[in-house]
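Below is entry04.pdb, which holds PDB, N, CA and C atoms.
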```pdb
ATOM      1  N   MET T   1      22.312   2.200 -16.466
ATOM      2  CA  MET T   1      21.252   2.289 -15.489
ATOM      3  C   MET T   1      21.834   2.907 -14.234
ATOM      4  N   GLY T   2      21.556   2.445 -13.095
ATOM      5  CA  GLY T   2      22.068   3.037 -11.874
ATOM      6  C   GLY T   2      21.100   2.823 -10.736
ATOM      7  N   ASN T   3      21.365   3.565  -9.685
ATOM      8  CA  ASN T   3      20.484   3.466  -8.527
ATOM      9  C   ASN T   3      19.353   4.475  -8.664
ATOM     10  N   PHE T   4      18.157   4.007  -8.458
ATOM     11  CA  PHE T   4      16.984   4.858  -8.557
ATOM     12  C   PHE T   4      16.304   4.936  -7.200
ATOM     13  N   SER T   5      15.721   6.091  -6.929
ATOM     14  CA  SER T   5      14.904   6.231  -5.727
ATOM     15  C   SER T   5      13.447   6.247  -6.163
ATOM     16  N   LEU T   6      12.591   5.733  -5.328
ATOM     17  CA  LEU T   6      11.183   5.590  -5.657
ATOM     18  C   LEU T   6      10.365   6.560  -4.807
ATOM     19  N   ARG T   7       9.452   7.286  -5.452
ATOM     20  CA  ARG T   7       8.548   8.201  -4.753
ATOM     21  C   ARG T   7       7.128   7.934  -5.218
ATOM     22  N   LEU T   8       6.198   8.003  -4.308
ATOM     23  CA  LEU T   8       4.787   7.866  -4.652
ATOM     24  C   LEU T   8       4.127   9.230  -4.542
ATOM     25  N   ARG T   9       3.442   9.638  -5.593
ATOM     26  CA  ARG T   9       2.682  10.888  -5.550
ATOM     27  C   ARG T   9       1.482  10.705  -4.634
ATOM     28  N   LYS T  10       0.893  11.822  -4.226
ATOM     29  CA  LYS T  10      -0.275  11.769  -3.341
ATOM     30  C   LYS T  10      -1.401  10.933  -3.943
ATOM     31  N   LYS T  11      -1.597  11.033  -5.240
ATOM     32  CA  LYS T  11      -2.641  10.254  -5.918
ATOM     33  C   LYS T  11      -2.389   8.758  -5.739
ATOM     34  N   ALA T  12      -1.144   8.337  -5.906
ATOM     35  CA  ALA T  12      -0.802   6.920  -5.748
ATOM     36  C   ALA T  12      -1.010   6.474  -4.300
ATOM     37  N   LEU T  13      -0.624   7.312  -3.355
ATOM     38  CA  LEU T  13      -0.827   6.971  -1.942
ATOM     39  C   LEU T  13      -2.317   6.836  -1.626
ATOM     40  N   ALA T  14      -3.126   7.729  -2.200
ATOM     41  CA  ALA T  14      -4.577   7.651  -1.992
ATOM     42  C   ALA T  14      -5.145   6.377  -2.622
ATOM     43  N   ASP T  15      -4.651   6.030  -3.815
ATOM     44  CA  ASP T  15      -5.087   4.788  -4.465
ATOM     45  C   ASP T  15      -4.799   3.588  -3.571
ATOM     46  N   VAL T  16      -3.585   3.527  -3.061
ATOM     47  CA  VAL T  16      -3.170   2.392  -2.224
ATOM     48  C   VAL T  16      -4.013   2.327  -0.961
ATOM     49  N   SER T  17      -4.287   3.469  -0.374
ATOM     50  CA  SER T  17      -5.103   3.503   0.834
ATOM     51  C   SER T  17      -6.507   2.952   0.584
ATOM     52  N   LEU T  18      -7.120   3.349  -0.532
ATOM     53  CA  LEU T  18      -8.458   2.844  -0.868
ATOM     54  C   LEU T  18      -8.445   1.344  -1.152
ATOM     55  N   ILE T  19      -7.430   0.889  -1.860
ATOM     56  CA  ILE T  19      -7.328  -0.539  -2.186
ATOM     57  C   ILE T  19      -7.150  -1.356  -0.910
ATOM     58  N   ARG T  20      -6.285  -0.880  -0.040
ATOM     59  CA  ARG T  20      -6.054  -1.590   1.228
ATOM     60  C   ARG T  20      -7.336  -1.665   2.044
ATOM     61  N   SER T  21      -8.065  -0.568   2.107
ATOM     62  CA  SER T  21      -9.330  -0.556   2.859
ATOM     63  C   SER T  21     -10.323  -1.572   2.284
ATOM     64  N   TRP T  22     -10.386  -1.626   0.958
ATOM     65  CA  TRP T  22     -11.291  -2.562   0.281
ATOM     66  C   TRP T  22     -10.950  -4.005   0.658
ATOM     67  N   TYR T  23      -9.673  -4.352   0.534
ATOM     68  CA  TYR T  23      -9.277  -5.729   0.843
ATOM     69  C   TYR T  23      -9.396  -6.038   2.336
ATOM     70  N   LYS T  24      -9.142  -5.046   3.177
ATOM     71  CA  LYS T  24      -9.252  -5.270   4.622
ATOM     72  C   LYS T  24     -10.687  -5.591   5.028
ATOM     73  N   LYS T  25     -11.662  -4.934   4.360
ATOM     74  CA  LYS T  25     -13.074  -5.224   4.639
ATOM     75  C   LYS T  25     -13.416  -6.667   4.287
ATOM     76  N   ILE T  26     -12.802  -7.166   3.223
ATOM     77  CA  ILE T  26     -13.058  -8.543   2.797
ATOM     78  C   ILE T  26     -12.372  -9.520   3.740
ATOM     79  N   ASP T  27     -11.075  -9.265   3.977
ATOM     80  CA  ASP T  27     -10.278 -10.159   4.823
ATOM     81  C   ASP T  27      -8.935  -9.491   5.100
ATOM     82  N   PRO T  28      -8.601  -9.275   6.369
ATOM     83  CA  PRO T  28      -7.319  -8.636   6.691
ATOM     84  C   PRO T  28      -6.103  -9.371   6.109
ATOM     85  N   LEU T  29      -6.202 -10.677   5.968
ATOM     86  CA  LEU T  29      -5.086 -11.428   5.370
ATOM     87  C   LEU T  29      -4.944 -11.099   3.891
ATOM     88  N   LEU T  30      -6.060 -10.829   3.239
ATOM     89  CA  LEU T  30      -6.032 -10.432   1.834
ATOM     90  C   LEU T  30      -5.348  -9.073   1.690
ATOM     91  N   GLU T  31      -5.629  -8.172   2.628
ATOM     92  CA  GLU T  31      -4.948  -6.875   2.627
ATOM     93  C   GLU T  31      -3.437  -7.074   2.761
ATOM     94  N   ASP T  32      -3.029  -7.948   3.657
ATOM     95  CA  ASP T  32      -1.595  -8.232   3.843
ATOM     96  C   ASP T  32      -0.971  -8.767   2.561
ATOM     97  N   ARG T  33      -1.677  -9.658   1.888
ATOM     98  CA  ARG T  33      -1.145 -10.218   0.630
ATOM     99  C   ARG T  33      -1.034  -9.139  -0.443
ATOM    100  N   PHE T  34      -2.030  -8.241  -0.490
ATOM    101  CA  PHE T  34      -1.955  -7.140  -1.450
ATOM    102  C   PHE T  34      -0.731  -6.261  -1.161
ATOM    103  N   VAL T  35      -0.537  -5.898   0.088
ATOM    104  CA  VAL T  35       0.600  -5.038   0.463
ATOM    105  C   VAL T  35       1.909  -5.715   0.088
ATOM    106  N   ARG T  36       1.999  -7.012   0.334
ATOM    107  CA  ARG T  36       3.217  -7.754  -0.019
ATOM    108  C   ARG T  36       3.443  -7.731  -1.536
ATOM    109  N   SER T  37       2.379  -7.962  -2.301
ATOM    110  CA  SER T  37       2.485  -7.945  -3.758
ATOM    111  C   SER T  37       2.869  -6.551  -4.258
ATOM    112  N   LEU T  38       2.265  -5.521  -3.684
ATOM    113  CA  LEU T  38       2.589  -4.150  -4.078
ATOM    114  C   LEU T  38       4.047  -3.835  -3.766
ATOM    115  N   ASN T  39       4.496  -4.183  -2.571
ATOM    116  CA  ASN T  39       5.894  -3.906  -2.198
ATOM    117  C   ASN T  39       6.874  -4.637  -3.110
ATOM    118  N   GLU T  40       6.565  -5.879  -3.447
ATOM    119  CA  GLU T  40       7.425  -6.620  -4.373
ATOM    120  C   GLU T  40       7.442  -5.946  -5.745
ATOM    121  N   GLY T  41       6.276  -5.502  -6.200
ATOM    122  CA  GLY T  41       6.198  -4.805  -7.479
ATOM    123  C   GLY T  41       6.983  -3.501  -7.465
ATOM    124  N   LEU T  42       6.853  -2.743  -6.378
ATOM    125  CA  LEU T  42       7.593  -1.484  -6.267
ATOM    126  C   LEU T  42       9.095  -1.733  -6.207
ATOM    127  N   ASP T  43       9.501  -2.801  -5.539
ATOM    128  CA  ASP T  43      10.932  -3.156  -5.504
ATOM    129  C   ASP T  43      11.452  -3.472  -6.900
ATOM    130  N   ARG T  44      10.654  -4.210  -7.682
ATOM    131  CA  ARG T  44      11.062  -4.531  -9.059
ATOM    132  C   ARG T  44      11.142  -3.271  -9.919
ATOM    133  N   ILE T  45      10.160  -2.391  -9.757
ATOM    134  CA  ILE T  45      10.166  -1.139 -10.517
ATOM    135  C   ILE T  45      11.402  -0.314 -10.164
ATOM    136  N   GLU T  46      11.696  -0.207  -8.896
ATOM    137  CA  GLU T  46      12.856   0.570  -8.454
ATOM    138  C   GLU T  46      14.160  -0.016  -8.979
ATOM    139  N   ALA T  47      14.244  -1.338  -9.005
ATOM    140  CA  ALA T  47      15.472  -2.007  -9.470
ATOM    141  C   ALA T  47      15.622  -1.948 -10.988
ATOM    142  N   HIS T  48      14.510  -2.012 -11.723
ATOM    143  CA  HIS T  48      14.561  -2.068 -13.192
ATOM    144  C   HIS T  48      13.455  -1.196 -13.800
ATOM    145  N   PRO T  49      13.498   0.098 -13.601
ATOM    146  CA  PRO T  49      12.387   0.945 -14.037
ATOM    147  C   PRO T  49      12.157   0.975 -15.550
ATOM    148  N   PHE T  50      13.189   0.724 -16.341
ATOM    149  CA  PHE T  50      13.046   0.769 -17.795
ATOM    150  C   PHE T  50      12.504  -0.537 -18.379
ATOM    151  N   ALA T  51      12.298  -1.545 -17.547
ATOM    152  CA  ALA T  51      11.856  -2.852 -18.025
ATOM    153  C   ALA T  51      10.370  -2.883 -18.389
ATOM    154  N   TYR T  52       9.661  -1.815 -18.084
ATOM    155  CA  TYR T  52       8.210  -1.827 -18.262
ATOM    156  C   TYR T  52       7.787  -1.021 -19.482
ATOM    157  N   GLN T  53       6.696  -1.461 -20.079
ATOM    158  CA  GLN T  53       6.184  -0.876 -21.314
ATOM    159  C   GLN T  53       5.733   0.571 -21.103
ATOM    160  N   VAL T  54       6.097   1.410 -22.061
ATOM    161  CA  VAL T  54       5.584   2.778 -22.079
ATOM    162  C   VAL T  54       4.173   2.719 -22.647
ATOM    163  N   VAL T  55       3.207   3.270 -21.893
ATOM    164  CA  VAL T  55       1.817   3.236 -22.341
ATOM    165  C   VAL T  55       1.334   4.590 -22.835
ATOM    166  N   TYR T  56       1.990   5.642 -22.394
ATOM    167  CA  TYR T  56       1.628   6.984 -22.851
ATOM    168  C   TYR T  56       2.778   7.923 -22.530
ATOM    169  N   ARG T  57       3.268   8.580 -23.555
ATOM    170  CA  ARG T  57       4.429   9.464 -23.416
ATOM    171  C   ARG T  57       5.512   8.738 -22.632
ATOM    172  N   ASN T  58       5.889   9.246 -21.468
ATOM    173  CA  ASN T  58       6.946   8.593 -20.683
ATOM    174  C   ASN T  58       6.392   7.760 -19.530
ATOM    175  N   THR T  59       5.087   7.575 -19.511
ATOM    176  CA  THR T  59       4.464   6.818 -18.421
ATOM    177  C   THR T  59       4.532   5.326 -18.726
ATOM    178  N   ARG T  60       5.029   4.576 -17.755
ATOM    179  CA  ARG T  60       5.185   3.128 -17.886
ATOM    180  C   ARG T  60       4.194   2.423 -16.973
ATOM    181  N   ARG T  61       3.926   1.168 -17.320
ATOM    182  CA  ARG T  61       2.949   0.382 -16.565
ATOM    183  C   ARG T  61       3.564  -0.935 -16.132
ATOM    184  N   ALA T  62       3.483  -1.197 -14.823
ATOM    185  CA  ALA T  62       3.910  -2.479 -14.261
ATOM    186  C   ALA T  62       2.672  -3.169 -13.689
ATOM    187  N   ILE T  63       2.515  -4.434 -14.008
ATOM    188  CA  ILE T  63       1.355  -5.198 -13.532
ATOM    189  C   ILE T  63       1.753  -5.964 -12.275
ATOM    190  N   LEU T  64       0.919  -5.846 -11.247
ATOM    191  CA  LEU T  64       1.194  -6.561 -10.003
ATOM    192  C   LEU T  64       0.918  -8.046 -10.156
ATOM    193  N   ASP T  65       1.688  -8.840  -9.440
ATOM    194  CA  ASP T  65       1.441 -10.279  -9.393
ATOM    195  C   ASP T  65       0.233 -10.554  -8.502
ATOM    196  N   LYS T  66      -0.638 -11.429  -8.944
ATOM    197  CA  LYS T  66      -1.751 -11.982  -8.167
ATOM    198  C   LYS T  66      -2.872 -11.005  -7.858
ATOM    199  N   PHE T  67      -2.753  -9.752  -8.258
ATOM    200  CA  PHE T  67      -3.811  -8.778  -8.027
ATOM    201  C   PHE T  67      -4.053  -7.999  -9.316
ATOM    202  N   PRO T  68      -5.301  -7.632  -9.590
ATOM    203  CA  PRO T  68      -5.633  -6.976 -10.859
ATOM    204  C   PRO T  68      -5.378  -5.467 -10.859
ATOM    205  N   TYR T  69      -4.142  -5.107 -10.565
ATOM    206  CA  TYR T  69      -3.770  -3.695 -10.511
ATOM    207  C   TYR T  69      -2.496  -3.452 -11.294
ATOM    208  N   SER T  70      -2.413  -2.237 -11.839
ATOM    209  CA  SER T  70      -1.197  -1.793 -12.517
ATOM    210  C   SER T  70      -0.646  -0.579 -11.787
ATOM    211  N   VAL T  71       0.679  -0.493 -11.767
ATOM    212  CA  VAL T  71       1.373   0.646 -11.173
ATOM    213  C   VAL T  71       1.902   1.486 -12.328
ATOM    214  N   PHE T  72       1.410   2.719 -12.423
ATOM    215  CA  PHE T  72       1.848   3.635 -13.472
ATOM    216  C   PHE T  72       2.950   4.525 -12.904
ATOM    217  N   HIS T  73       4.063   4.566 -13.624
ATOM    218  CA  HIS T  73       5.206   5.323 -13.124
ATOM    219  C   HIS T  73       5.964   5.983 -14.262
ATOM    220  N   LEU T  74       6.760   6.971 -13.901
ATOM    221  CA  LEU T  74       7.654   7.578 -14.878
ATOM    222  C   LEU T  74       9.025   7.745 -14.245
ATOM    223  N   ILE T  75       9.999   7.950 -15.108
ATOM    224  CA  ILE T  75      11.385   8.049 -14.666
ATOM    225  C   ILE T  75      11.872   9.462 -14.950
ATOM    226  N   GLN T  76      12.402  10.118 -13.905
ATOM    227  CA  GLN T  76      12.984  11.448 -14.052
ATOM    228  C   GLN T  76      14.357  11.418 -13.396
ATOM    229  N   ASP T  77      15.372  11.545 -14.230
ATOM    230  CA  ASP T  77      16.751  11.476 -13.754
ATOM    231  C   ASP T  77      16.969  10.156 -13.007
ATOM    232  N   THR T  78      17.214  10.226 -11.699
ATOM    233  CA  THR T  78      17.444   8.999 -10.926
ATOM    234  C   THR T  78      16.260   8.687 -10.009
ATOM    235  N   SER T  79      15.109   9.292 -10.314
ATOM    236  CA  SER T  79      13.903   9.042  -9.519
ATOM    237  C   SER T  79      12.866   8.295 -10.341
ATOM    238  N   VAL T  80      12.189   7.379  -9.686
ATOM    239  CA  VAL T  80      11.029   6.709 -10.256
ATOM    240  C   VAL T  80       9.833   7.253  -9.490
ATOM    241  N   ILE T  81       8.911   7.857 -10.221
ATOM    242  CA  ILE T  81       7.751   8.488  -9.592
ATOM    243  C   ILE T  81       6.515   7.669  -9.914
ATOM    244  N   VAL T  82       5.900   7.133  -8.872
ATOM    245  CA  VAL T  82       4.672   6.350  -9.040
ATOM    246  C   VAL T  82       3.508   7.335  -9.077
ATOM    247  N   LEU T  83       2.795   7.321 -10.194
ATOM    248  CA  LEU T  83       1.700   8.258 -10.410
ATOM    249  C   LEU T  83       0.377   7.747  -9.863
ATOM    250  N   ALA T  84       0.127   6.433 -10.037
ATOM    251  CA  ALA T  84      -1.157   5.866  -9.637
ATOM    252  C   ALA T  84      -1.085   4.347  -9.608
ATOM    253  N   VAL T  85      -2.000   3.765  -8.861
ATOM    254  CA  VAL T  85      -2.194   2.313  -8.837
ATOM    255  C   VAL T  85      -3.653   2.102  -9.216
ATOM    256  N   ILE T  86      -3.883   1.475 -10.370
ATOM    257  CA  ILE T  86      -5.219   1.432 -10.955
ATOM    258  C   ILE T  86      -5.656   0.001 -11.257
ATOM    259  N   HIS T  87      -6.910  -0.284 -10.945
ATOM    260  CA  HIS T  87      -7.506  -1.595 -11.226
ATOM    261  C   HIS T  87      -7.581  -1.800 -12.736
ATOM    262  N   HIS T  88      -7.396  -3.016 -13.177
ATOM    263  CA  HIS T  88      -7.384  -3.333 -14.607
ATOM    264  C   HIS T  88      -8.717  -3.054 -15.296
ATOM    265  N   LYS T  89      -9.817  -3.047 -14.560
ATOM    266  CA  LYS T  89     -11.112  -2.793 -15.188
ATOM    267  C   LYS T  89     -11.385  -1.308 -15.391
ATOM    268  N   ARG T  90     -10.539  -0.461 -14.827
ATOM    269  CA  ARG T  90     -10.710   0.980 -15.044
ATOM    270  C   ARG T  90     -10.304   1.321 -16.464
ATOM    271  N   ASN T  91     -10.759   2.430 -16.941
ATOM    272  CA  ASN T  91     -10.497   2.879 -18.297
ATOM    273  C   ASN T  91      -8.988   3.043 -18.536
ATOM    274  N   PRO T  92      -8.421   2.339 -19.528
ATOM    275  CA  PRO T  92      -6.986   2.457 -19.793
ATOM    276  C   PRO T  92      -6.569   3.864 -20.237
ATOM    277  N   GLU T  93      -7.514   4.647 -20.703
ATOM    278  CA  GLU T  93      -7.214   6.026 -21.086
ATOM    279  C   GLU T  93      -6.869   6.869 -19.856
ATOM    280  N   LEU T  94      -7.161   6.344 -18.688
ATOM    281  CA  LEU T  94      -6.836   7.046 -17.443
ATOM    282  C   LEU T  94      -5.340   7.313 -17.343
ATOM    283  N   ALA T  95      -4.542   6.453 -17.926
ATOM    284  CA  ALA T  95      -3.082   6.656 -17.909
ATOM    285  C   ALA T  95      -2.706   7.982 -18.549
ATOM    286  N   ARG T  96      -3.428   8.359 -19.575
ATOM    287  CA  ARG T  96      -3.154   9.655 -20.230
ATOM    288  C   ARG T  96      -3.463  10.814 -19.305
ATOM    289  N   VAL T  97      -4.580  10.725 -18.626
ATOM    290  CA  VAL T  97      -4.976  11.792 -17.706
ATOM    291  C   VAL T  97      -3.974  11.911 -16.570
ATOM    292  N   ILE T  98      -3.551  10.784 -16.044
ATOM    293  CA  ILE T  98      -2.612  10.767 -14.929
ATOM    294  C   ILE T  98      -1.276  11.362 -15.353
ATOM    295  N   ALA T  99      -0.860  11.072 -16.553
ATOM    296  CA  ALA T  99       0.444  11.524 -17.044
ATOM    297  C   ALA T  99       0.480  13.023 -17.308
ATOM    298  N   GLU T 100      -0.659  13.624 -17.492
ATOM    299  CA  GLU T 100      -0.708  15.060 -17.826
ATOM    300  C   GLU T 100      -0.418  15.910 -16.617
TER
END
```
Reformat the file's structure so that it appears as structure tokens.
Amino acid sequence: MGNFSLRLRKKALADVSLIRSWYKKIDPLLEDRFVRSLNEGLDRIEAHPFAYQVVYRNTRRAILDKFPYSVFHLIQDTSVIVLAVIHHKRNPELARVIAE
């Protein structure tokens, strides 16, 4: 294994922004909890990127704690690239589209 750097694609950043806005409208504390859960999940992915199930080609899926979202990522050399953050009720075939 080794040291990996984590990058979020524009799509993933846009996903996170929309999710944060949604939770902030409900309760700013809920937004804070989501951000904390996401950061913890991203830290785990960065530390152990191969620990997560491959769902399509080289795209892996990590499930966030306490929130119904998955982080889709792939590994290229020493980089972990986050492709998207998607709600569990969204179509799972979306992972294929994102990976393309």
So how many Å separate atom CA of T:His73 and atom CA of T:Glu40, to one decimal?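 The value is 15.0 Å.
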So for stretch 37-42 of chain T, what box centre and size do we get, axis-aligned, 4 Å extra on each of the six sides, every listed atom, Å to one decimal, as AutoDock Vina command-line options?
```
--center_x 5.7 --center_y -4.7 --center_z -4.8 --size_x 14.8 --size_y 14.5 --size_z 13.3
```
Suppose a student applies the PyMOL selection byres (((chain T and resi 78 and name CA) around 8) and name CA) to this structure; what residues should they get, written as a ChimeraX atom specification? /T:2-5,75-77,79-80
I need the output of the PyMOL selection byres ((chain T and resi 7) around 5) for this file as a ChimeraX atom specification; which residues are they? /T:5-6,8-9,80-82
I need the residue set behind the PyMOL selection byres (((chain T and resi 53 and name CA) around 12) and name CA) for this file; please write it as a PyMOL selection string. chain T and resi 45+48-52+54-63+70-74
Backbone-only DSSP, alpha helix (DSSP H) members of chain T, as a short mmCIF file (atom, residue, chain, number, x, y, z; two decimals) with N, CA and C atoms, keeping the file's coordinate frame:
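Output saved as selection12.cif:
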```
data_model
loop_
_atom_site.label_atom_id
_atom_site.label_comp_id
_atom_site.auth_asym_id
_atom_site.auth_seq_id
_atom_site.Cartn_x
_atom_site.Cartn_y
_atom_site.Cartn_z
N LYS T 10 0.89 11.82 -4.23
CA LYS T 10 -0.28 11.77 -3.34
C LYS T 10 -1.40 10.93 -3.94
N LYS T 11 -1.60 11.03 -5.24
CA LYS T 11 -2.64 10.25 -5.92
C LYS T 11 -2.39 8.76 -5.74
N ALA T 12 -1.14 8.34 -5.91
CA ALA T 12 -0.80 6.92 -5.75
C ALA T 12 -1.01 6.47 -4.30
N LEU T 13 -0.62 7.31 -3.36
CA LEU T 13 -0.83 6.97 -1.94
C LEU T 13 -2.32 6.84 -1.63
N ALA T 14 -3.13 7.73 -2.20
CA ALA T 14 -4.58 7.65 -1.99
C ALA T 14 -5.14 6.38 -2.62
N ASP T 15 -4.65 6.03 -3.82
CA ASP T 15 -5.09 4.79 -4.46
C ASP T 15 -4.80 3.59 -3.57
N VAL T 16 -3.58 3.53 -3.06
CA VAL T 16 -3.17 2.39 -2.22
C VAL T 16 -4.01 2.33 -0.96
N SER T 17 -4.29 3.47 -0.37
CA SER T 17 -5.10 3.50 0.83
C SER T 17 -6.51 2.95 0.58
N LEU T 18 -7.12 3.35 -0.53
CA LEU T 18 -8.46 2.84 -0.87
C LEU T 18 -8.44 1.34 -1.15
N ILE T 19 -7.43 0.89 -1.86
CA ILE T 19 -7.33 -0.54 -2.19
C ILE T 19 -7.15 -1.36 -0.91
N ARG T 20 -6.28 -0.88 -0.04
CA ARG T 20 -6.05 -1.59 1.23
C ARG T 20 -7.34 -1.66 2.04
N SER T 21 -8.06 -0.57 2.11
CA SER T 21 -9.33 -0.56 2.86
C SER T 21 -10.32 -1.57 2.28
N TRP T 22 -10.39 -1.63 0.96
CA TRP T 22 -11.29 -2.56 0.28
C TRP T 22 -10.95 -4.00 0.66
N TYR T 23 -9.67 -4.35 0.53
CA TYR T 23 -9.28 -5.73 0.84
C TYR T 23 -9.40 -6.04 2.34
N LYS T 24 -9.14 -5.05 3.18
CA LYS T 24 -9.25 -5.27 4.62
C LYS T 24 -10.69 -5.59 5.03
N LYS T 25 -11.66 -4.93 4.36
CA LYS T 25 -13.07 -5.22 4.64
C LYS T 25 -13.42 -6.67 4.29
N ILE T 26 -12.80 -7.17 3.22
CA ILE T 26 -13.06 -8.54 2.80
C ILE T 26 -12.37 -9.52 3.74
N PRO T 28 -8.60 -9.28 6.37
CA PRO T 28 -7.32 -8.64 6.69
C PRO T 28 -6.10 -9.37 6.11
N LEU T 29 -6.20 -10.68 5.97
CA LEU T 29 -5.09 -11.43 5.37
C LEU T 29 -4.94 -11.10 3.89
N LEU T 30 -6.06 -10.83 3.24
CA LEU T 30 -6.03 -10.43 1.83
C LEU T 30 -5.35 -9.07 1.69
N GLU T 31 -5.63 -8.17 2.63
CA GLU T 31 -4.95 -6.88 2.63
C GLU T 31 -3.44 -7.07 2.76
N ASP T 32 -3.03 -7.95 3.66
CA ASP T 32 -1.60 -8.23 3.84
C ASP T 32 -0.97 -8.77 2.56
N ARG T 33 -1.68 -9.66 1.89
CA ARG T 33 -1.14 -10.22 0.63
C ARG T 33 -1.03 -9.14 -0.44
N PHE T 34 -2.03 -8.24 -0.49
CA PHE T 34 -1.96 -7.14 -1.45
C PHE T 34 -0.73 -6.26 -1.16
N VAL T 35 -0.54 -5.90 0.09
CA VAL T 35 0.60 -5.04 0.46
C VAL T 35 1.91 -5.72 0.09
N ARG T 36 2.00 -7.01 0.33
CA ARG T 36 3.22 -7.75 -0.02
C ARG T 36 3.44 -7.73 -1.54
N SER T 37 2.38 -7.96 -2.30
CA SER T 37 2.48 -7.94 -3.76
C SER T 37 2.87 -6.55 -4.26
N LEU T 38 2.26 -5.52 -3.68
CA LEU T 38 2.59 -4.15 -4.08
C LEU T 38 4.05 -3.84 -3.77
N ASN T 39 4.50 -4.18 -2.57
CA ASN T 39 5.89 -3.91 -2.20
C ASN T 39 6.87 -4.64 -3.11
N GLU T 40 6.56 -5.88 -3.45
CA GLU T 40 7.42 -6.62 -4.37
C GLU T 40 7.44 -5.95 -5.74
N GLY T 41 6.28 -5.50 -6.20
CA GLY T 41 6.20 -4.80 -7.48
C GLY T 41 6.98 -3.50 -7.46
N LEU T 42 6.85 -2.74 -6.38
CA LEU T 42 7.59 -1.48 -6.27
C LEU T 42 9.10 -1.73 -6.21
N ASP T 43 9.50 -2.80 -5.54
CA ASP T 43 10.93 -3.16 -5.50
C ASP T 43 11.45 -3.47 -6.90
N ARG T 44 10.65 -4.21 -7.68
CA ARG T 44 11.06 -4.53 -9.06
C ARG T 44 11.14 -3.27 -9.92
N ILE T 45 10.16 -2.39 -9.76
CA ILE T 45 10.17 -1.14 -10.52
C ILE T 45 11.40 -0.31 -10.16
N GLU T 46 11.70 -0.21 -8.90
CA GLU T 46 12.86 0.57 -8.45
C GLU T 46 14.16 -0.02 -8.98
N ALA T 47 14.24 -1.34 -9.01
CA ALA T 47 15.47 -2.01 -9.47
C ALA T 47 15.62 -1.95 -10.99
N LEU T 94 -7.16 6.34 -18.69
CA LEU T 94 -6.84 7.05 -17.44
C LEU T 94 -5.34 7.31 -17.34
N ALA T 95 -4.54 6.45 -17.93
CA ALA T 95 -3.08 6.66 -17.91
C ALA T 95 -2.71 7.98 -18.55
N ARG T 96 -3.43 8.36 -19.58
CA ARG T 96 -3.15 9.65 -20.23
C ARG T 96 -3.46 10.81 -19.30
N VAL T 97 -4.58 10.72 -18.63
CA VAL T 97 -4.98 11.79 -17.71
C VAL T 97 -3.97 11.91 -16.57
N ILE T 98 -3.55 10.78 -16.04
CA ILE T 98 -2.61 10.77 -14.93
C ILE T 98 -1.28 11.36 -15.35
N ALA T 99 -0.86 11.07 -16.55
CA ALA T 99 0.44 11.52 -17.04
C ALA T 99 0.48 13.02 -17.31
#
```
Show me, as an MDAnalysis selection string, the residues that have an atom within 12 Å of T:Leu18 when counting only C-alpha atoms, minus same-chain residues fewer than 3 positions from it. chainID T and resid 11:15 21:25 31 34 84:87
Would you mind exporting N, CA and C atoms of the selected residues as an mmCIF file, in the frame of the given file?
```cif
data_model
loop_
_atom_site.group_PDB
_atom_site.id
_atom_site.type_symbol
_atom_site.label_atom_id
_atom_site.label_comp_id
_atom_site.auth_asym_id
_atom_site.auth_seq_id
_atom_site.Cartn_x
_atom_site.Cartn_y
_atom_site.Cartn_z
ATOM 1 N N LYS T 11 -1.597 11.033 -5.240
ATOM 2 C CA LYS T 11 -2.641 10.254 -5.918
ATOM 3 C C LYS T 11 -2.389 8.758 -5.739
ATOM 4 N N ALA T 12 -1.144 8.337 -5.906
ATOM 5 C CA ALA T 12 -0.802 6.920 -5.748
ATOM 6 C C ALA T 12 -1.010 6.474 -4.300
ATOM 7 N N LEU T 13 -0.624 7.312 -3.355
ATOM 8 C CA LEU T 13 -0.827 6.971 -1.942
ATOM 9 C C LEU T 13 -2.317 6.836 -1.626
ATOM 10 N N ALA T 14 -3.126 7.729 -2.200
ATOM 11 C CA ALA T 14 -4.577 7.651 -1.992
ATOM 12 C C ALA T 14 -5.145 6.377 -2.622
ATOM 13 N N ASP T 15 -4.651 6.030 -3.815
ATOM 14 C CA ASP T 15 -5.087 4.788 -4.465
ATOM 15 C C ASP T 15 -4.799 3.588 -3.571
ATOM 16 N N SER T 21 -8.065 -0.568 2.107
ATOM 17 C CA SER T 21 -9.330 -0.556 2.859
ATOM 18 C C SER T 21 -10.323 -1.572 2.284
ATOM 19 N N TRP T 22 -10.386 -1.626 0.958
ATOM 20 C CA TRP T 22 -11.291 -2.562 0.281
ATOM 21 C C TRP T 22 -10.950 -4.005 0.658
ATOM 22 N N TYR T 23 -9.673 -4.352 0.534
ATOM 23 C CA TYR T 23 -9.277 -5.729 0.843
ATOM 24 C C TYR T 23 -9.396 -6.038 2.336
ATOM 25 N N LYS T 24 -9.142 -5.046 3.177
ATOM 26 C CA LYS T 24 -9.252 -5.270 4.622
ATOM 27 C C LYS T 24 -10.687 -5.591 5.028
ATOM 28 N N LYS T 25 -11.662 -4.934 4.360
ATOM 29 C CA LYS T 25 -13.074 -5.224 4.639
ATOM 30 C C LYS T 25 -13.416 -6.667 4.287
ATOM 31 N N GLU T 31 -5.629 -8.172 2.628
ATOM 32 C CA GLU T 31 -4.948 -6.875 2.627
ATOM 33 C C GLU T 31 -3.437 -7.074 2.761
ATOM 34 N N PHE T 34 -2.030 -8.241 -0.490
ATOM 35 C CA PHE T 34 -1.955 -7.140 -1.450
ATOM 36 C C PHE T 34 -0.731 -6.261 -1.161
ATOM 37 N N ALA T 84 0.127 6.433 -10.037
ATOM 38 C CA ALA T 84 -1.157 5.866 -9.637
ATOM 39 C C ALA T 84 -1.085 4.347 -9.608
ATOM 40 N N VAL T 85 -2.000 3.765 -8.861
ATOM 41 C CA VAL T 85 -2.194 2.313 -8.837
ATOM 42 C C VAL T 85 -3.653 2.102 -9.216
ATOM 43 N N ILE T 86 -3.883 1.475 -10.370
ATOM 44 C CA ILE T 86 -5.219 1.432 -10.955
ATOM 45 C C ILE T 86 -5.656 0.001 -11.257
ATOM 46 N N HIS T 87 -6.910 -0.284 -10.945
ATOM 47 C CA HIS T 87 -7.506 -1.595 -11.226
ATOM 48 C C HIS T 87 -7.581 -1.800 -12.736
#
```
